[in-house]
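Report on the following structure.
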Amino acid sequence: MMIDGLSLIGAGTDSCIVDSRQLITMQNYKTIVMKNNCIVTGFYIRSSSNFAFGYGISANGQAGLITQNKFSEGNKGIELRNSNIKIYRNHFFNIRNGITVW
């Protein structure tokens with residue numbers, strides 16, 4: 001879980017890979033959980049080998065940015081809950097739901 005105001009900046013989707021496929025132990029596992037005023041950019045996030053499990057990023061904060069990431073394998077790429085986070089220029093493939101908004 002990220003703290004308020006934290007920025008995770010990767011060098012690009014070809015070289016910065018976050019692979020949590022072996023860590024999935026429950027249905028709603030979230031690879032990254034964003035809070036207020038956070039930024040996540042430049043990562044390739046692989047969540048799960050099963051389309052029923054795994055979220056790439058779950059965002060529950062106000063303000064922030066998710067941009068220039070690649071998401072594959074899992075149930076959801078990005079999940080927004082009561083959030084005002086901006087999503088821009090991300091790529092989704094081989095995933096059940098790209099973006100889910102609650």
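Following the order of the structure tokens, first chain is A, next is B, and so on, with residues numbered from 1 inside each chain and ligands from 1 in the order they appear.
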
Original post:
Could you write out, as a PyMOL selection string, all the residues of region 12-82 of chain A that DSSP marks as strand (DSSP E or B)?
Top reply: chain A and resi 17-19+30-34+38-41+44-46+55-59+64-67+70-72+76-80

**OP:** Compile the contact shell of Ile3 (chain A) as a ChimeraX atom specification: residues with an atom at most 8 Å away, counting only C-alpha atoms, same-chain residues fewer than 5 positions apart removed.
**Re:** /A:34-36,38

Pull all heavy atoms from the residues just selected and write them as a PDB file, in the first residue's frame.
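Written output follows (selection.pdb):
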ATOM      1  N   MET A  34      -3.166   2.450  -4.329  1.00  0.00           N
ATOM      2  CA  MET A  34      -2.829   3.885  -4.329  1.00  0.00           C
ATOM      3  C   MET A  34      -3.678   4.637  -3.312  1.00  0.00           C
ATOM      4  O   MET A  34      -4.824   4.298  -3.075  1.00  0.00           O
ATOM      5  CB  MET A  34      -3.097   4.492  -5.708  1.00  0.00           C
ATOM      6  CG  MET A  34      -2.096   4.104  -6.752  1.00  0.00           C
ATOM      7  SD  MET A  34      -2.461   4.850  -8.353  1.00  0.00           S
ATOM      8  CE  MET A  34      -2.171   6.583  -8.024  1.00  0.00           C
ATOM      9  N   LYS A  35      -3.104   5.701  -2.767  1.00  0.00           N
ATOM     10  CA  LYS A  35      -3.807   6.613  -1.864  1.00  0.00           C
ATOM     11  C   LYS A  35      -3.822   8.011  -2.467  1.00  0.00           C
ATOM     12  O   LYS A  35      -3.644   8.186  -3.658  1.00  0.00           O
ATOM     13  CB  LYS A  35      -3.128   6.615  -0.486  1.00  0.00           C
ATOM     14  CG  LYS A  35      -3.267   5.303   0.252  1.00  0.00           C
ATOM     15  CD  LYS A  35      -4.695   5.089   0.666  1.00  0.00           C
ATOM     16  CE  LYS A  35      -4.841   3.835   1.501  1.00  0.00           C
ATOM     17  NZ  LYS A  35      -6.203   3.624   1.916  1.00  0.00           N
ATOM     18  N   ASN A  36      -3.976   9.038  -1.649  1.00  0.00           N
ATOM     19  CA  ASN A  36      -4.093  10.426  -2.102  1.00  0.00           C
ATOM     20  C   ASN A  36      -2.818  10.950  -2.748  1.00  0.00           C
ATOM     21  O   ASN A  36      -1.720  10.741  -2.248  1.00  0.00           O
ATOM     22  CB  ASN A  36      -4.447  11.337  -0.926  1.00  0.00           C
ATOM     23  CG  ASN A  36      -5.796  10.992  -0.350  1.00  0.00           C
ATOM     24  OD1 ASN A  36      -6.750  10.756  -1.083  1.00  0.00           O
ATOM     25  ND2 ASN A  36      -5.872  10.953   0.959  1.00  0.00           N
ATOM     26  N   CYS A  38      -0.980  10.290  -5.358  1.00  0.00           N
ATOM     27  CA  CYS A  38       0.080   9.371  -5.781  1.00  0.00           C
ATOM     28  C   CYS A  38       0.174   9.324  -7.303  1.00  0.00           C
ATOM     29  O   CYS A  38      -0.776   9.648  -8.009  1.00  0.00           O
ATOM     30  CB  CYS A  38      -0.202   7.967  -5.252  1.00  0.00           C
ATOM     31  SG  CYS A  38      -0.032   7.819  -3.462  1.00  0.00           S
TER      32      CYS A  38
END

Subject >> All residues 8 Å or closer to Phe92 (chain A), only C-alpha atoms, same chain fewer than 5 positions away omitted, as a list in words >> reply: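 These residues fall inside the cut-off: Lys70, Phe71, Ser72, Gly77 and Gly98 of chain A.
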
Limited to N, CA, C and O atoms, could you put the picked residues into a file as a PDB file, in the first residue's frame?
ATOM      1  N   LYS A  70       1.555  -0.677 -18.563  1.00  0.00           N
ATOM      2  CA  LYS A  70       1.009  -1.789 -19.333  1.00  0.00           C
ATOM      3  C   LYS A  70       0.493  -2.816 -18.330  1.00  0.00           C
ATOM      4  O   LYS A  70       1.173  -3.118 -17.342  1.00  0.00           O
ATOM      5  N   PHE A  71      -0.720  -3.334 -18.571  1.00  0.00           N
ATOM      6  CA  PHE A  71      -1.350  -4.296 -17.677  1.00  0.00           C
ATOM      7  C   PHE A  71      -1.695  -5.559 -18.455  1.00  0.00           C
ATOM      8  O   PHE A  71      -2.242  -5.483 -19.554  1.00  0.00           O
ATOM      9  N   SER A  72      -1.391  -6.707 -17.879  1.00  0.00           N
ATOM     10  CA  SER A  72      -1.816  -7.968 -18.496  1.00  0.00           C
ATOM     11  C   SER A  72      -2.023  -9.014 -17.415  1.00  0.00           C
ATOM     12  O   SER A  72      -1.509  -8.890 -16.303  1.00  0.00           O
ATOM     13  N   GLY A  77      -7.280  -4.485 -14.507  1.00  0.00           N
ATOM     14  CA  GLY A  77      -6.056  -3.716 -14.629  1.00  0.00           C
ATOM     15  C   GLY A  77      -6.031  -2.604 -13.594  1.00  0.00           C
ATOM     16  O   GLY A  77      -5.132  -2.518 -12.772  1.00  0.00           O
ATOM     17  N   GLY A  98     -10.324  -3.966 -18.116  1.00  0.00           N
ATOM     18  CA  GLY A  98      -9.259  -2.960 -18.147  1.00  0.00           C
ATOM     19  C   GLY A  98      -9.382  -1.992 -16.985  1.00  0.00           C
ATOM     20  O   GLY A  98      -8.504  -1.897 -16.140  1.00  0.00           O
TER      21      GLY A  98
END

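The gap separating CA of Arg89 (chain A) from CA of Cys16 (chain A) is 16.6 Å, in Å to one decimal.
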
**OP:** Write out as a PyMOL selection string the residues lying within 9 Å of Ser15 (chain A), counting only C-alpha atoms and excluding same-chain residues fewer than 2 positions away.
**Re:** chain A and resi 10-13+17+42-44

Original post:
Leaving out Ser20 (chain A) and any residue of its chain fewer than 3 positions from it, which residues lie within 10 Å of it when counting only C-alpha atoms, given as a list in words?
Top reply: Ile17, Leu23, Ile24, Tyr29, Lys30, Thr31, Ile32, Ile45, Arg46, Ser47, Ser48, Ser49, Gly54, Tyr55, Gly56 and Gly74 of chain A

Original post:
Between A:Arg96, A:Lys86, A:His91, A:Arg81, which one has atoms that come closest to Asn50 (chain A), using only C-alpha atoms?
Top reply: A:Arg96

Do a neighbour search on Asn84 (chain A) at 9 Å with only C-alpha atoms, toss out local chain neighbours closer than 3 positions, and write the hits as an mmCIF file with all heavy atoms, in the first residue's frame.
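File written: out_27.cif
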data_model
loop_
_atom_site.group_PDB
_atom_site.id
_atom_site.type_symbol
_atom_site.label_atom_id
_atom_site.label_comp_id
_atom_site.auth_asym_id
_atom_site.auth_seq_id
_atom_site.Cartn_x
_atom_site.Cartn_y
_atom_site.Cartn_z
ATOM 1 N N ASN A 60 -7.854 4.322 -4.265
ATOM 2 C CA ASN A 60 -8.898 4.706 -3.331
ATOM 3 C C ASN A 60 -8.659 6.111 -2.806
ATOM 4 O O ASN A 60 -9.102 6.449 -1.726
ATOM 5 C CB ASN A 60 -8.931 3.696 -2.176
ATOM 6 C CG ASN A 60 -10.197 3.782 -1.380
ATOM 7 O OD1 ASN A 60 -11.159 4.407 -1.788
ATOM 8 N ND2 ASN A 60 -10.208 3.147 -0.221
ATOM 9 N N GLY A 61 -7.947 6.938 -3.530
ATOM 10 C CA GLY A 61 -7.591 8.257 -3.031
ATOM 11 C C GLY A 61 -8.105 9.371 -3.917
ATOM 12 O O GLY A 61 -8.660 9.147 -4.984
ATOM 13 N N GLN A 62 -7.919 10.573 -3.467
ATOM 14 C CA GLN A 62 -8.294 11.755 -4.225
ATOM 15 C C GLN A 62 -7.059 12.310 -4.914
ATOM 16 O O GLN A 62 -5.982 12.348 -4.328
ATOM 17 C CB GLN A 62 -8.906 12.804 -3.304
ATOM 18 C CG GLN A 62 -10.194 12.344 -2.660
ATOM 19 C CD GLN A 62 -11.238 11.939 -3.689
ATOM 20 O OE1 GLN A 62 -11.502 12.655 -4.643
ATOM 21 N NE2 GLN A 62 -11.826 10.773 -3.508
ATOM 22 N N ALA A 63 -7.211 12.705 -6.142
ATOM 23 C CA ALA A 63 -6.124 13.244 -6.973
ATOM 24 C C ALA A 63 -5.055 12.173 -7.182
ATOM 25 O O ALA A 63 -4.965 11.210 -6.440
ATOM 26 C CB ALA A 63 -5.532 14.506 -6.388
ATOM 27 N N GLY A 64 -4.279 12.335 -8.204
ATOM 28 C CA GLY A 64 -3.225 11.384 -8.536
ATOM 29 C C GLY A 64 -3.273 11.052 -10.010
ATOM 30 O O GLY A 64 -4.121 11.538 -10.760
ATOM 31 N N LEU A 80 -10.930 1.820 -9.621
ATOM 32 C CA LEU A 80 -11.080 3.103 -8.923
ATOM 33 C C LEU A 80 -12.285 3.025 -7.996
ATOM 34 O O LEU A 80 -13.382 2.691 -8.427
ATOM 35 C CB LEU A 80 -11.289 4.242 -9.926
ATOM 36 C CG LEU A 80 -10.174 4.534 -10.904
ATOM 37 C CD1 LEU A 80 -10.552 5.706 -11.795
ATOM 38 C CD2 LEU A 80 -8.880 4.833 -10.183
ATOM 39 N N ARG A 81 -12.085 3.372 -6.727
ATOM 40 C CA ARG A 81 -13.169 3.394 -5.737
ATOM 41 C C ARG A 81 -13.247 4.789 -5.134
ATOM 42 O O ARG A 81 -12.325 5.206 -4.447
ATOM 43 C CB ARG A 81 -12.921 2.383 -4.628
ATOM 44 C CG ARG A 81 -13.057 0.958 -5.063
ATOM 45 C CD ARG A 81 -12.978 0.038 -3.844
ATOM 46 N NE ARG A 81 -13.302 -1.304 -4.202
ATOM 47 C CZ ARG A 81 -14.527 -1.810 -4.198
ATOM 48 N NH1 ARG A 81 -15.541 -1.065 -3.818
ATOM 49 N NH2 ARG A 81 -14.740 -3.052 -4.552
#

Original post:
Between A:Asn82, A:Asn75, A:Asn90, A:Asn69, which one has atoms that come closest to Leu8 (chain A), using only C-alpha atoms?
Top reply: A:Asn69

Original post:
From the set A:Trp102, A:Leu6, A:Arg21, A:Phe51, which residue has the shortest atom-to-atom contact distance to Glu79 (chain A), counting only C-alpha atoms?
Top reply: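 When distances to Glu79 (chain A) are compared using only C-alpha atoms, the smallest one comes from A:Trp102.
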
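Closest approach to Phe53 (chain A) from the set A:Ile95, A:Val33, A:Ile39, A:Ile9 is made by A:Ile95, with distances taken over only C-alpha atoms.
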
Original post:
In terms of the shortest atom-to-atom distance over only C-alpha atoms, which of A:Glu73, A:Ser7, A:Tyr88, A:Asn94 is closest to Gln22 (chain A)?
Top reply: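 Comparing A:Glu73, A:Ser7, A:Tyr88, A:Asn94 against Gln22 (chain A), the winner is A:Glu73.
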